[in-house]
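See structure below.
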Amino acid sequence: MTIRSSVLRKLLLASFLLIFVTLVTADILLTRYVADRELKYAQQQMAGQARILAPALAAVEASALEGWARQAGERSGARVTIIARDGIVLADSQHGVATMDNHAGRPEVRQALAGQTGTSVRHSATLDVDLCYLAVPAELPGRASGIFRLAVPLWQIKVATAQVRWLILRSSLFAAILAFLLAYFVAHRFTRRIRRIESFATELVNAEYSGTLPVEADDELGSVARSLRGMAGQFRKMLRRLADESARRNAILGSMVEGVLAVDGDLRVTFCNDAFARAVNARMPVVERVPLLELVRDPELLELLKQVLATGQPARSRLAPMAANGRVFDAQAAALDEQPGRGAIAVLHDITEIERLERVRKDFVANISHELRTPLASIRGYAETLLDGALEEPENARKFLEVICANTVRLGDMASDLLALSELETEREPPPAERLAVREVAQTVMEAVAAEALAHNVKAVLCDMEDLYVMGQRFRLEHALLNLLHNAIRYNRPGGEVWLEASRVDGQVRIVVRDTGFGIPSAELPRIFERFYSVNKARSRESGGTGLGLAIVKHIVEKMSGAITVESRLGKGSAFELRFPAG
């Protein structure tokens, strides 16, 4: 089985070291014990032999000591030495006495001279080997007393000790293998229990994990397992609650119209909703921890977030990122933590429409002031002229009064158009819709503009059309068509033509007002539906236009769930197309 656990390796290593130290210590102690036992056994054997041989020494002739010593050495298997009390060697079984030193200083000899059994282990200078000596007092022939000494080589003891040591080593090796296998088994079971606990603790972070931990033994690991099993339920509840809260938060932030961006202290993105990605034209999904510079390269946003991270105080700025395609945002940023530098969050409010409406409002105020100023100035000027004496001149007075009347009519028309436009914009619930016959409405408006067309030398033509119906309010559809026809007649050349046609296209009703007038420059087309916008203000003023007609038409068409488009070529005429759902 493969050892993969560091705990298992540590346990096995510790067990191996413990077994090794224990067995080595036991081997050393046992070896010493065996060596001491062998030495004592050899000394006991030599003592027994000495007790047998030493008494026989008294009956030996002095001249026969050398031969007797050799015979005694052969019988005993030991070196036999006979020493006088003064230390002179009288006979030796393995060496000539002539060259031997005085042995009076030998430890075993001194002990024997004192009446004891002397023992000693040392190196023999005579034989150049290590020997174990035993000396006892003995009666010598022709002398009062002497020393009888036996010696055996230590290699005999070492051989016996080595045999016993080898037996101990084999036994120790066998015991070590068994102990190591037992330690591996115990450690493996221990680490397997740890892995079960670890696997259970690791899976706890998965809210969907429903496994449980087996009952463990009544020990420290079992106590840990029971504690972990007890907290697993609460932990799962907490994880599910956090997952639900995170899902709700992501759903709320993701569905927000405002762009939301969260960064850490290193300006790496930690959260970004779809609205922010669309605002900066970033690719979705945004990878977490991506540097903010890789997501958006707007220096003002970067400076705003850096300021918040540095100070921890909320900040606000107006942003117009290059990648936002002209949109403008009000950016509000705040720190995610009380301690600066931990992270920041920014919310982008799209104020493009607000700024556009503000710009339109300013343009509207400026335009209406201008439009009102001109007729009022004309009325005032002619009135003051009349009061200054022109009233007494009948021809001039009538001309001035006609101008005043014309400007008064224009102011009335402008007021009416403003009221109509205001009513359309502030209307919350439109009047009930009715099914309108397009042909009847077209005939009515063509009859209404017939006199004006004749006065401008313009031919108004109502084209043949099938029976078509739309849903809406008749007075509004008539108002829209009248405004378009008035413009087509007023801005037409003498001898020009105006056509009103209707048809069914792709399940919709298509109404077109076409003329052969002056046309509209292509650069002006996007703005012609704005209030008071006029391509040629002088011509519009001469024709009595208020500059609100097309704005009213657009609002009416949108109120009737329709759409309006225009095609125009300068000097060739224009065509306004209205499309409504078929009724």
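FYI, nothing fancy with the structure tokens labels: chains A, B, ... in order, residues from 1 per chain, ligands from 1 as they appear.
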
message: If we count only C-alpha atoms and set the cut-off at 12 Å, which residues sit around segment 27-29 of chain A, ignoring sequence neighbours fewer than 5 positions away in its own chain? Please answer as a VMD selection string.
response: chain A and resid 19 to 22 34 to 36 161 to 162 164 to 173

Those selected residues, please, written with N, CA and C atoms and delivered as a PDB file, in the first residue's frame.
ATOM      1  N   ILE A  19      11.803   1.684  17.687  1.00  0.00           N
ATOM      2  CA  ILE A  19      12.175   0.262  17.622  1.00  0.00           C
ATOM      3  C   ILE A  19      13.686   0.105  17.487  1.00  0.00           C
ATOM      4  N   PHE A  20      14.281   0.943  16.626  1.00  0.00           N
ATOM      5  CA  PHE A  20      15.717   0.851  16.406  1.00  0.00           C
ATOM      6  C   PHE A  20      16.503   1.146  17.696  1.00  0.00           C
ATOM      7  N   VAL A  21      16.150   2.233  18.358  1.00  0.00           N
ATOM      8  CA  VAL A  21      16.847   2.599  19.600  1.00  0.00           C
ATOM      9  C   VAL A  21      16.641   1.531  20.657  1.00  0.00           C
ATOM     10  N   THR A  22      15.418   1.018  20.750  1.00  0.00           N
ATOM     11  CA  THR A  22      15.126  -0.003  21.765  1.00  0.00           C
ATOM     12  C   THR A  22      15.931  -1.267  21.521  1.00  0.00           C
ATOM     13  N   VAL A  34      26.014 -10.975  28.185  1.00  0.00           N
ATOM     14  CA  VAL A  34      26.532 -12.278  27.750  1.00  0.00           C
ATOM     15  C   VAL A  34      28.047 -12.325  27.898  1.00  0.00           C
ATOM     16  N   ALA A  35      28.716 -11.208  27.522  1.00  0.00           N
ATOM     17  CA  ALA A  35      30.175 -11.177  27.650  1.00  0.00           C
ATOM     18  C   ALA A  35      30.589 -11.340  29.115  1.00  0.00           C
ATOM     19  N   ASP A  36      29.871 -10.637  30.000  1.00  0.00           N
ATOM     20  CA  ASP A  36      30.189 -10.785  31.435  1.00  0.00           C
ATOM     21  C   ASP A  36      29.912 -12.198  31.912  1.00  0.00           C
ATOM     22  N   THR A 161      30.671 -15.080  22.770  1.00  0.00           N
ATOM     23  CA  THR A 161      29.828 -13.876  22.841  1.00  0.00           C
ATOM     24  C   THR A 161      29.271 -13.521  21.469  1.00  0.00           C
ATOM     25  N   ALA A 162      30.102 -13.670  20.425  1.00  0.00           N
ATOM     26  CA  ALA A 162      29.651 -13.352  19.070  1.00  0.00           C
ATOM     27  C   ALA A 162      28.524 -14.279  18.639  1.00  0.00           C
ATOM     28  N   VAL A 164      26.348 -15.682  20.605  1.00  0.00           N
ATOM     29  CA  VAL A 164      25.139 -15.227  21.305  1.00  0.00           C
ATOM     30  C   VAL A 164      24.637 -13.894  20.710  1.00  0.00           C
ATOM     31  N   ARG A 165      25.582 -12.960  20.373  1.00  0.00           N
ATOM     32  CA  ARG A 165      25.189 -11.682  19.788  1.00  0.00           C
ATOM     33  C   ARG A 165      24.473 -11.887  18.449  1.00  0.00           C
ATOM     34  N   TRP A 166      24.969 -12.785  17.628  1.00  0.00           N
ATOM     35  CA  TRP A 166      24.324 -13.060  16.338  1.00  0.00           C
ATOM     36  C   TRP A 166      22.913 -13.610  16.541  1.00  0.00           C
ATOM     37  N   LEU A 167      22.762 -14.466  17.555  1.00  0.00           N
ATOM     38  CA  LEU A 167      21.433 -14.966  17.879  1.00  0.00           C
ATOM     39  C   LEU A 167      20.518 -13.822  18.312  1.00  0.00           C
ATOM     40  N   ILE A 168      21.096 -12.925  19.116  1.00  0.00           N
ATOM     41  CA  ILE A 168      20.300 -11.768  19.564  1.00  0.00           C
ATOM     42  C   ILE A 168      19.941 -10.876  18.386  1.00  0.00           C
ATOM     43  N   LEU A 169      20.882 -10.653  17.458  1.00  0.00           N
ATOM     44  CA  LEU A 169      20.610  -9.813  16.293  1.00  0.00           C
ATOM     45  C   LEU A 169      19.513 -10.405  15.416  1.00  0.00           C
ATOM     46  N   ARG A 170      19.569 -11.699  15.193  1.00  0.00           N
ATOM     47  CA  ARG A 170      18.524 -12.333  14.386  1.00  0.00           C
ATOM     48  C   ARG A 170      17.160 -12.208  15.066  1.00  0.00           C
ATOM     49  N   SER A 171      17.175 -12.437  16.362  1.00  0.00           N
ATOM     50  CA  SER A 171      15.920 -12.295  17.098  1.00  0.00           C
ATOM     51  C   SER A 171      15.433 -10.838  17.058  1.00  0.00           C
ATOM     52  N   SER A 172      16.405  -9.897  17.185  1.00  0.00           N
ATOM     53  CA  SER A 172      16.024  -8.484  17.161  1.00  0.00           C
ATOM     54  C   SER A 172      15.477  -8.085  15.796  1.00  0.00           C
ATOM     55  N   LEU A 173      16.097  -8.590  14.725  1.00  0.00           N
ATOM     56  CA  LEU A 173      15.629  -8.277  13.386  1.00  0.00           C
ATOM     57  C   LEU A 173      14.219  -8.811  13.173  1.00  0.00           C
TER      58      LEU A 173
END

message: Which of segment 165-348 of chain A end up as helix (DSSP H, G or I) when DSSP is run on this backbone - answer as JSON, numbers by chain?
response: {"A": [165, 166, 167, 168, 169, 170, 171, 172, 173, 174, 175, 176, 177, 178, 179, 180, 181, 182, 183, 184, 185, 186, 187, 188, 189, 190, 191, 192, 193, 194, 195, 196, 197, 198, 199, 200, 201, 202, 203, 220, 221, 222, 223, 224, 225, 226, 227, 228, 229, 230, 231, 232, 233, 234, 235, 236, 237, 238, 239, 240, 241, 242, 243, 244, 245, 246, 247, 248, 249, 250, 251, 252, 253, 254, 255, 274, 275, 276, 277, 278, 279, 292, 293, 294, 295, 299, 300, 301, 302, 303, 304, 305, 306, 307, 308, 309, 310, 311, 322, 323, 324]}

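Here the residues within segment 370-473 of chain A that DSSP labels strand (DSSP E) on the basis of the backbone are A:Glu434, A:Arg435, A:Leu436, A:Ala437, A:Lys459, A:Ala460, A:Val461, A:Leu462, A:Tyr469, A:Val470, A:Met471, A:Gly472.
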
message: Report as JSON, numbers by chain all protein, DNA and RNA residues lying within 12 Å of Arg249 of chain A, evaluated on only C-alpha atoms, omitting residues in the same chain fewer than 6 positions from it.
response: {"A": [242, 243, 255, 256, 260, 271, 273]}

Keeping C-alpha atoms for every residue in the selection just given, could you write it to a file as a PDB file, in the first residue's frame?
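For reference, again_21.pdb as written:
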ATOM      1  CA  LEU A 242     -24.763  32.201   3.233  1.00  0.00           C
ATOM      2  CA  ALA A 243     -25.346  30.632  -0.195  1.00  0.00           C
ATOM      3  CA  SER A 255     -30.564  42.849 -12.021  1.00  0.00           C
ATOM      4  CA  MET A 256     -29.798  46.439 -11.100  1.00  0.00           C
ATOM      5  CA  VAL A 260     -21.923  47.902  -9.789  1.00  0.00           C
ATOM      6  CA  PHE A 271     -17.597  41.645  -8.431  1.00  0.00           C
ATOM      7  CA  ASN A 273     -22.648  43.018 -12.728  1.00  0.00           C
TER       8      ASN A 273
END

- request: Would you mind listing what lies within 7 Å of Val458 of chain A as a PyMOL selection string, with only C-alpha atoms counted and same-chain residues fewer than 4 positions away left out?
  value: chain A and resi 453-454+489+494-497
